[in-house]
file target-v6.cif (mmCIF, C-alpha atoms)
data_entry
#
loop_
_atom_site.group_PDB
_atom_site.id
_atom_site.type_symbol
_atom_site.label_atom_id
_atom_site.label_comp_id
_atom_site.auth_asym_id
_atom_site.auth_seq_id
_atom_site.Cartn_x
_atom_site.Cartn_y
_atom_site.Cartn_z
ATOM 1 C CA MET A 5 35.186 111.128 81.679
ATOM 2 C CA LEU A 6 35.888 113.822 79.103
ATOM 3 C CA ARG A 7 33.395 112.197 76.730
ATOM 4 C CA GLU A 8 30.746 112.576 79.423
ATOM 5 C CA ALA A 9 31.759 116.160 80.225
ATOM 6 C CA TYR A 10 31.687 117.217 76.578
ATOM 7 C CA GLN A 11 28.417 115.397 75.988
ATOM 8 C CA ASN A 12 26.938 117.340 78.909
ATOM 9 C CA ILE A 13 27.790 120.631 77.178
ATOM 10 C CA GLY A 14 26.610 119.500 73.747
ATOM 11 C CA TYR A 15 29.802 118.259 72.071
ATOM 12 C CA HIS A 16 30.934 114.866 70.807
ATOM 13 C CA ILE A 17 34.650 114.074 71.009
ATOM 14 C CA ARG A 18 36.766 111.507 69.211
ATOM 15 C CA VAL A 19 39.994 110.304 70.815
ATOM 16 C CA GLU A 20 43.061 109.623 68.669
ATOM 17 C CA ARG A 21 45.843 107.643 70.350
ATOM 18 C CA LEU A 22 49.338 108.738 69.321
ATOM 19 C CA HIS A 23 52.801 108.584 70.885
ATOM 20 C CA ASN A 24 53.267 111.390 73.404
ATOM 21 C CA PRO A 25 55.639 113.735 71.538
ATOM 22 C CA ARG A 26 53.737 113.480 68.261
ATOM 23 C CA ALA A 27 50.393 114.066 69.960
ATOM 24 C CA LEU A 28 51.681 117.206 71.667
ATOM 25 C CA MET A 29 53.178 118.592 68.461
ATOM 26 C CA LEU A 30 50.000 117.985 66.459
ATOM 27 C CA SER A 31 47.757 119.435 69.169
ATOM 28 C CA ASN A 32 49.984 122.481 69.529
ATOM 29 C CA ALA A 33 49.878 122.963 65.733
ATOM 30 C CA GLY A 34 46.073 122.889 65.809
ATOM 31 C CA GLU A 35 45.734 119.620 63.885
ATOM 32 C CA PHE A 36 43.924 118.236 66.943
ATOM 33 C CA ASP A 37 41.587 120.156 69.218
ATOM 34 C CA GLY A 38 43.533 119.457 72.395
ATOM 35 C CA GLU A 39 45.080 116.954 74.776
ATOM 36 C CA LEU A 40 43.118 114.670 77.093
ATOM 37 C CA SER A 41 45.394 114.936 80.106
ATOM 38 C CA ARG A 42 48.844 116.413 80.579
ATOM 39 C CA VAL A 43 50.905 117.990 83.349
ATOM 40 C CA LYS A 44 50.124 121.641 83.846
ATOM 41 C CA GLY A 45 53.563 122.957 82.884
ATOM 42 C CA ILE A 46 53.412 121.955 79.212
ATOM 43 C CA SER A 47 52.023 125.375 78.270
ATOM 44 C CA ALA A 48 55.496 126.841 78.686
ATOM 45 C CA GLU A 49 56.725 124.762 75.743
ATOM 46 C CA PHE A 50 53.460 124.250 73.839
ATOM 47 C CA LYS A 51 52.162 127.791 73.826
ATOM 48 C CA ASN A 52 49.002 127.145 71.789
ATOM 49 C CA LEU A 53 47.563 124.765 74.401
ATOM 50 C CA LEU A 54 45.291 126.241 77.059
ATOM 51 C CA PRO A 55 44.817 124.323 80.337
ATOM 52 C CA VAL A 56 41.380 123.718 81.795
ATOM 53 C CA PRO A 57 41.775 124.742 85.466
ATOM 54 C CA ALA A 58 40.367 121.642 87.202
ATOM 55 C CA PRO A 59 42.526 118.476 87.244
ATOM 56 C CA VAL A 60 40.941 115.575 85.354
ATOM 57 C CA ASN A 61 43.264 112.801 86.501
ATOM 58 C CA PHE A 62 46.666 112.179 88.047
ATOM 59 C CA ASN A 63 49.818 110.314 87.153
ATOM 60 C CA GLU A 64 51.870 108.230 89.555
ATOM 61 C CA GLY A 65 55.456 107.487 88.553
ATOM 62 C CA TYR A 66 56.735 104.067 89.630
ATOM 63 C CA ALA A 67 59.819 101.924 89.173
ATOM 64 C CA PHE A 68 59.277 98.611 87.375
ATOM 65 C CA THR A 69 61.948 95.907 87.660
ATOM 66 C CA LYS A 70 62.615 92.181 87.221
ATOM 67 C CA ASN A 71 65.124 91.939 90.044
ATOM 68 C CA PRO A 72 63.409 91.228 93.401
ATOM 69 C CA GLU A 73 66.515 92.505 95.235
ATOM 70 C CA ILE A 74 66.022 96.024 93.856
ATOM 71 C CA GLN A 75 64.082 98.068 96.380
ATOM 72 C CA ILE A 76 63.342 101.625 95.308
ATOM 73 C CA ASP A 77 62.750 104.224 97.985
ATOM 74 C CA GLY A 78 62.662 107.624 96.311
ATOM 75 C CA TRP A 79 64.424 109.204 93.358
ATOM 76 C CA GLU A 80 67.962 108.991 94.759
ATOM 77 C CA SER A 81 67.716 105.209 95.062
ATOM 78 C CA LEU A 82 67.462 105.040 91.234
ATOM 79 C CA ARG A 83 70.990 106.398 90.654
ATOM 80 C CA PRO A 84 72.983 103.118 90.695
ATOM 81 C CA TYR A 85 70.779 101.500 88.044
ATOM 82 C CA ARG A 86 70.418 101.526 84.267
ATOM 83 C CA LEU A 87 67.121 103.330 83.701
ATOM 84 C CA ILE A 88 64.652 103.692 80.878
ATOM 85 C CA CYS A 89 61.763 106.133 80.479
ATOM 86 C CA VAL A 90 59.225 106.986 77.779
ATOM 87 C CA ILE A 91 59.572 110.093 75.610
ATOM 88 C CA GLY A 92 56.815 112.584 76.298
ATOM 89 C CA VAL A 93 55.968 111.511 79.855
ATOM 90 C CA GLN A 94 56.682 115.004 81.088
ATOM 91 C CA VAL A 95 56.157 114.447 84.813
ATOM 92 C CA ILE A 96 58.882 111.780 84.882
ATOM 93 C CA ARG A 97 61.186 113.556 82.427
ATOM 94 C CA LEU A 98 61.067 116.761 84.477
ATOM 95 C CA ALA A 99 61.644 114.933 87.767
ATOM 96 C CA MET A 100 64.653 113.084 86.322
ATOM 97 C CA SER A 101 66.055 116.253 84.787
ATOM 98 C CA GLU A 102 65.672 118.295 88.002
ATOM 99 C CA ARG A 103 67.668 115.644 89.879
ATOM 100 C CA ASN A 104 70.245 115.052 87.130
ATOM 101 C CA ILE A 105 69.344 111.362 86.958
ATOM 102 C CA VAL A 106 70.368 109.760 83.662
ATOM 103 C CA CYS A 107 67.708 107.843 81.789
ATOM 104 C CA GLN A 108 67.537 106.325 78.307
ATOM 105 C CA TYR A 109 64.332 107.102 76.397
ATOM 106 C CA VAL A 110 62.146 105.029 74.106
ATOM 107 C CA ALA A 111 58.896 105.812 72.290
ATOM 108 C CA THR A 112 56.458 103.496 74.086
ATOM 109 C CA HIS A 113 55.770 101.877 77.441
ATOM 110 C CA GLU A 114 55.860 98.481 75.721
ATOM 111 C CA GLN A 115 59.374 99.165 74.372
ATOM 112 C CA ALA A 116 60.564 100.176 77.838
ATOM 113 C CA LEU A 117 59.243 96.979 79.388
ATOM 114 C CA GLN A 118 60.684 94.818 76.604
ATOM 115 C CA MET A 119 64.113 96.394 77.257
ATOM 116 C CA LEU A 120 63.687 95.495 80.922
ATOM 117 C CA HIS A 121 62.524 91.970 80.068
ATOM 118 C CA LEU A 122 65.622 91.490 77.882
ATOM 119 C CA ASN A 123 67.894 92.686 80.742
ATOM 120 C CA ARG A 124 69.161 95.681 78.753
ATOM 121 C CA ILE A 125 68.232 97.943 81.654
ATOM 122 C CA ASP A 126 67.518 97.459 85.365
ATOM 123 C CA ILE A 127 64.502 99.698 85.918
ATOM 124 C CA ALA A 128 61.758 101.238 83.810
ATOM 125 C CA VAL A 129 60.366 104.447 85.342
ATOM 126 C CA LEU A 130 56.787 104.716 84.092
ATOM 127 C CA PRO A 131 53.343 105.969 84.998
ATOM 128 C CA LYS A 132 51.787 103.191 87.061
ATOM 129 C CA ILE A 133 48.608 102.604 85.035
ATOM 130 C CA ASN A 134 50.358 102.826 81.651
ATOM 131 C CA GLY A 135 53.045 100.437 82.879
ATOM 132 C CA LEU A 136 50.545 97.909 84.231
ATOM 133 C CA HIS A 137 48.533 98.102 81.019
ATOM 134 C CA ALA A 138 51.682 97.543 78.915
ATOM 135 C CA LEU A 139 52.753 94.623 81.166
ATOM 136 C CA ARG A 140 49.423 92.947 80.598
ATOM 137 C CA LYS A 141 49.553 93.627 76.846
ATOM 138 C CA GLU A 142 53.122 92.312 76.494
ATOM 139 C CA GLN A 143 52.511 89.369 78.872
ATOM 140 C CA LEU A 144 55.611 89.932 80.989
ATOM 141 C CA PRO A 145 54.873 88.304 84.376
ATOM 142 C CA ASP A 146 58.517 88.540 85.494
ATOM 143 C CA ILE A 147 58.301 92.348 85.907
ATOM 144 C CA ARG A 148 56.859 93.996 89.014
ATOM 145 C CA LEU A 149 56.490 97.356 90.721
ATOM 146 C CA SER A 150 59.297 98.195 93.136
ATOM 147 C CA GLY A 151 58.641 100.290 96.217
ATOM 148 C CA ASN A 152 56.175 103.111 96.591
ATOM 149 C CA GLY A 153 55.362 105.708 93.986
ATOM 150 C CA LEU A 154 58.097 108.181 93.114
ATOM 151 C CA ILE A 155 55.753 111.026 92.224
ATOM 152 C CA LYS A 156 52.083 111.859 91.977
ATOM 153 C CA GLU A 157 51.082 114.781 89.776
ATOM 154 C CA ASP A 158 47.714 116.169 88.724
ATOM 155 C CA LEU A 159 46.866 116.055 85.037
ATOM 156 C CA TYR A 160 44.856 118.670 83.172
ATOM 157 C CA HIS A 161 42.844 118.758 79.984
ATOM 158 C CA PHE A 162 44.169 121.186 77.350
ATOM 159 C CA LEU A 163 42.457 122.863 74.411
ATOM 160 C CA HIS A 164 44.121 124.363 71.378
ATOM 161 C CA ASN A 165 43.658 128.132 71.482
ATOM 162 C CA LYS A 166 41.372 127.937 68.403
ATOM 163 C CA ASN A 167 38.883 126.332 70.822
ATOM 164 C CA ALA A 168 39.190 129.006 73.525
ATOM 165 C CA HIS A 169 35.449 129.684 73.197
ATOM 166 C CA ILE A 170 34.750 126.232 74.706
ATOM 167 C CA LEU A 171 37.060 126.769 77.687
ATOM 168 C CA PRO A 172 34.516 128.425 80.044
ATOM 169 C CA ALA A 173 31.830 125.771 79.454
ATOM 170 C CA ILE A 174 34.132 122.748 79.782
ATOM 171 C CA SER A 175 35.827 124.310 82.812
ATOM 172 C CA ASP A 176 32.472 124.776 84.542
ATOM 173 C CA GLU A 177 31.331 121.262 83.649
ATOM 174 C CA LEU A 178 34.519 119.601 84.891
ATOM 175 C CA ALA A 179 34.369 121.630 88.123
ATOM 176 C CA ARG A 180 30.754 120.520 88.581
ATOM 177 C CA MET A 181 31.665 116.869 87.946
ATOM 178 C CA ALA A 182 34.608 117.076 90.352
ATOM 179 C CA ALA A 183 32.475 118.643 93.105
ATOM 180 C CA ALA A 184 29.865 115.908 92.654
ATOM 181 C CA GLY A 185 32.563 113.202 92.899
ATOM 182 C CA ARG A 186 31.880 112.047 89.345
ATOM 183 C CA ILE A 187 35.485 112.344 88.109
ATOM 184 C CA GLN A 188 36.746 110.204 91.006
ATOM 185 C CA GLN A 189 33.932 107.699 90.455
ATOM 186 C CA ILE A 190 34.795 107.315 86.761
ATOM 187 C CA ARG A 191 38.495 106.801 87.593
ATOM 188 C CA GLU A 192 37.716 104.228 90.283
ATOM 189 C CA ASN A 193 35.328 102.355 87.957
ATOM 190 C CA TYR A 194 38.028 102.238 85.268
ATOM 191 C CA LEU A 195 40.611 100.875 87.731
ATOM 192 C CA VAL A 196 38.240 98.183 89.024
ATOM 193 C CA GLU A 197 37.019 97.178 85.541
ATOM 194 C CA ASN A 198 40.622 96.771 84.379
ATOM 195 C CA ASN A 199 41.983 95.186 87.603
ATOM 196 C CA PHE A 200 44.453 98.043 88.188
ATOM 197 C CA ASN A 201 43.424 98.720 91.790
#

call {"tool": "encode", "arguments": {"input": "target-v6.cif", "output": "structure tokens"}}
result
Amino acid sequence: MLREAYQNIGYHIRVERLHNPRALMLSNAGEFDGELSRVKGISAEFKNLLPVPAPVNFNEGYAFTKNPEIQIDGWESLRPYRLICVIGVQVIRLAMSERNIVCQYVATHEQALQMLHLNRIDIAVLPKINGLHALRKEQLPDIRLSGNGLIKEDLYHFLHNKNAHILPAISDELARMAAAGRIQQIRENYLVENNFN
């Protein structure tokens, strides 16, 4: 979706996939031009990153488990279990921190699910799409989603402040695409094409 938006305003973008904390540090340092999609509050910690006002996506936090007897119904129902999360998934980290829920952290979604598969933890709390993608990649059919989503949070595109001159144009283009339903259409197409719906 961002490729299309940037193309519409005359730019070509290249996406580099890095682990969350490293990506944020490098973007904040200006080694990358920005972040594809992050929670809005990261600007408090990463002061060189400027949010584009219109949301470009959303994250849904879910509990993944092997045990069919575990039924998760909200954050408080996580407390009795051994939990694992992924470093840099700010929406989940902040929600856990606000509620004083203890969680171990690993670098990747695949590592979290492997820990669950090996019975080292009871629940992995992950973004739904990232978790489903990692499950498919790791071929772990014994793990499933438990309950409804724990949280849904809008995600925003961020630019390093060296690219502030692009902010008005990309903001206008993303607002135009959102109003036309194009952002939602791209997300829905991605979910269908990848069997995540």

call {"tool": "residues_around", "arguments": {"input": "target-v6.cif", "residues": "Arg7 in chain A", "least_positions_apart": "5", "cutoff": "10 Å", "atoms": "all atoms listed in the file", "output": "PyMOL selection string"}}
result
chain A and resi 12+15-19

call {"tool": "resolve_selection", "arguments": {"input": "target-v6.cif", "expression": "the PyMOL selection byres ((chain A and resi 162) around 9)", "output": "PDB file with C-alpha atoms, in the frame of the given file"}}
result
ATOM      1  CA  ASP A  37      41.587 120.156  69.218  1.00  0.00           C
ATOM      2  CA  GLY A  38      43.533 119.457  72.395  1.00  0.00           C
ATOM      3  CA  GLU A  39      45.080 116.954  74.776  1.00  0.00           C
ATOM      4  CA  LEU A  40      43.118 114.670  77.093  1.00  0.00           C
ATOM      5  CA  SER A  41      45.394 114.936  80.106  1.00  0.00           C
ATOM      6  CA  ARG A  42      48.844 116.413  80.579  1.00  0.00           C
ATOM      7  CA  LYS A  44      50.124 121.641  83.846  1.00  0.00           C
ATOM      8  CA  SER A  47      52.023 125.375  78.270  1.00  0.00           C
ATOM      9  CA  LEU A  53      47.563 124.765  74.401  1.00  0.00           C
ATOM     10  CA  LEU A  54      45.291 126.241  77.059  1.00  0.00           C
ATOM     11  CA  PRO A  55      44.817 124.323  80.337  1.00  0.00           C
ATOM     12  CA  VAL A  56      41.380 123.718  81.795  1.00  0.00           C
ATOM     13  CA  TYR A 160      44.856 118.670  83.172  1.00  0.00           C
ATOM     14  CA  HIS A 161      42.844 118.758  79.984  1.00  0.00           C
ATOM     15  CA  LEU A 163      42.457 122.863  74.411  1.00  0.00           C
ATOM     16  CA  HIS A 164      44.121 124.363  71.378  1.00  0.00           C
TER      17      HIS A 164
END

call {"tool": "resolve_selection", "arguments": {"input": "target-v6.cif", "expression": "the PyMOL selection byres ((chain A and resi 65) around 12)", "output": "count of residues only"}}
result
38

call {"tool": "resolve_selection", "arguments": {"input": "target-v6.cif", "expression": "the PyMOL selection byres ((chain A and resi 58) around 7)", "output": "number ranges by chain"}}
result
A: 56-57, 59-60, 160, 175, 178-179

call {"tool": "closest_residue", "arguments": {"input": "target-v6.cif", "among": "A:Asn193, A:Arg86, A:Ile174, A:Ile125", "to": "Gly14 in chain A", "atoms": "only C-alpha atoms"}}
result
A:Ile174

call {"tool": "closest_residue", "arguments": {"input": "target-v6.cif", "among": "A:Val110, A:Ala33, A:His137, A:Arg103", "to": "Leu195 in chain A", "atoms": "all atoms listed in the file"}}
result
A:His137

call {"tool": "axis_aligned_box", "arguments": {"input": "target-v6.cif", "around": "range 40-53 of chain A", "padding_each_side": "6 Å", "output": "JSON"}}
result
{"center_x": 49.9, "center_y": 121.2, "center_z": 77.8, "size_x": 25.6, "size_y": 25.1, "size_z": 24.1}

call {"tool": "atom_distance", "arguments": {"input": "target-v6.cif", "atom1": "CA of Glu102 in chain A", "atom2": "CA of Leu87 in chain A"}}
result
15.6 Å

call {"tool": "atom_distance", "arguments": {"input": "target-v6.cif", "atom1": "CA of Lys70 in chain A", "atom2": "CA of Ala138 in chain A"}}
result
14.7 Å

call {"tool": "closest_residue", "arguments": {"input": "target-v6.cif", "among": "A:Ile127, A:Asn199, A:Met5, A:Gln115", "to": "Ser81 in chain A", "atoms": "all atoms listed in the file"}}
result
A:Ile127

call {"tool": "atom_distance", "arguments": {"input": "target-v6.cif", "atom1": "CA of Glu142 in chain A", "atom2": "CA of Glu114 in chain A"}}
result
6.8 Å

call {"tool": "closest_residue", "arguments": {"input": "target-v6.cif", "among": "A:Glu73, A:Glu20, A:Asp126, A:Glu35", "to": "Asn167 in chain A", "atoms": "all atoms listed in the file"}}
result
A:Glu35

call {"tool": "closest_residue", "arguments": {"input": "target-v6.cif", "among": "A:Gln189, A:Asn71, A:Asn123, A:Asn32", "to": "Asn52 in chain A", "atoms": "all atoms listed in the file"}}
result
A:Asn32

call {"tool": "closest_residue", "arguments": {"input": "target-v6.cif", "among": "A:Leu159, A:Ala168, A:Ile187, A:Leu117", "to": "Asp146 in chain A", "atoms": "all atoms listed in the file"}}
result
A:Leu117

call {"tool": "build_atoms", "arguments": {"input": "target-v6.cif", "residues": "range 45-56 of chain A", "atoms": "N, CA and C atoms", "output": "mmCIF file, in the frame of the given file"}}
result
data_model
loop_
_atom_site.group_PDB
_atom_site.id
_atom_site.type_symbol
_atom_site.label_atom_id
_atom_site.label_comp_id
_atom_site.auth_asym_id
_atom_site.auth_seq_id
_atom_site.Cartn_x
_atom_site.Cartn_y
_atom_site.Cartn_z
ATOM 1 N N GLY A 45 52.458 122.157 83.388
ATOM 2 C CA GLY A 45 53.563 122.957 82.884
ATOM 3 C C GLY A 45 53.832 122.888 81.393
ATOM 4 N N ILE A 46 53.100 122.073 80.638
ATOM 5 C CA ILE A 46 53.412 121.955 79.212
ATOM 6 C C ILE A 46 53.153 123.234 78.433
ATOM 7 N N SER A 47 52.333 124.130 78.981
ATOM 8 C CA SER A 47 52.023 125.375 78.270
ATOM 9 C C SER A 47 53.258 126.232 78.041
ATOM 10 N N ALA A 48 54.266 126.069 78.865
ATOM 11 C CA ALA A 48 55.496 126.841 78.686
ATOM 12 C C ALA A 48 56.166 126.484 77.368
ATOM 13 N N GLU A 49 56.098 125.211 76.981
ATOM 14 C CA GLU A 49 56.725 124.762 75.743
ATOM 15 C C GLU A 49 55.737 124.728 74.582
ATOM 16 N N PHE A 50 54.491 124.375 74.877
ATOM 17 C CA PHE A 50 53.460 124.250 73.839
ATOM 18 C C PHE A 50 52.464 125.398 74.036
ATOM 19 N N LYS A 51 52.832 126.525 73.512
ATOM 20 C CA LYS A 51 52.162 127.791 73.826
ATOM 21 C C LYS A 51 50.740 127.923 73.287
ATOM 22 N N ASN A 52 50.358 127.080 72.341
ATOM 23 C CA ASN A 52 49.002 127.145 71.789
ATOM 24 C C ASN A 52 47.998 126.313 72.570
ATOM 25 N N LEU A 53 48.453 125.619 73.612
ATOM 26 C CA LEU A 53 47.563 124.765 74.401
ATOM 27 C C LEU A 53 47.163 125.462 75.693
ATOM 28 N N LEU A 54 45.855 125.554 75.897
ATOM 29 C CA LEU A 54 45.291 126.241 77.059
ATOM 30 C C LEU A 54 44.809 125.216 78.081
ATOM 31 N N PRO A 55 45.270 125.299 79.334
ATOM 32 C CA PRO A 55 44.817 124.323 80.337
ATOM 33 C C PRO A 55 43.422 124.643 80.857
ATOM 34 N N VAL A 56 42.644 123.593 81.075
ATOM 35 C CA VAL A 56 41.380 123.718 81.795
ATOM 36 C C VAL A 56 41.756 123.673 83.278
#
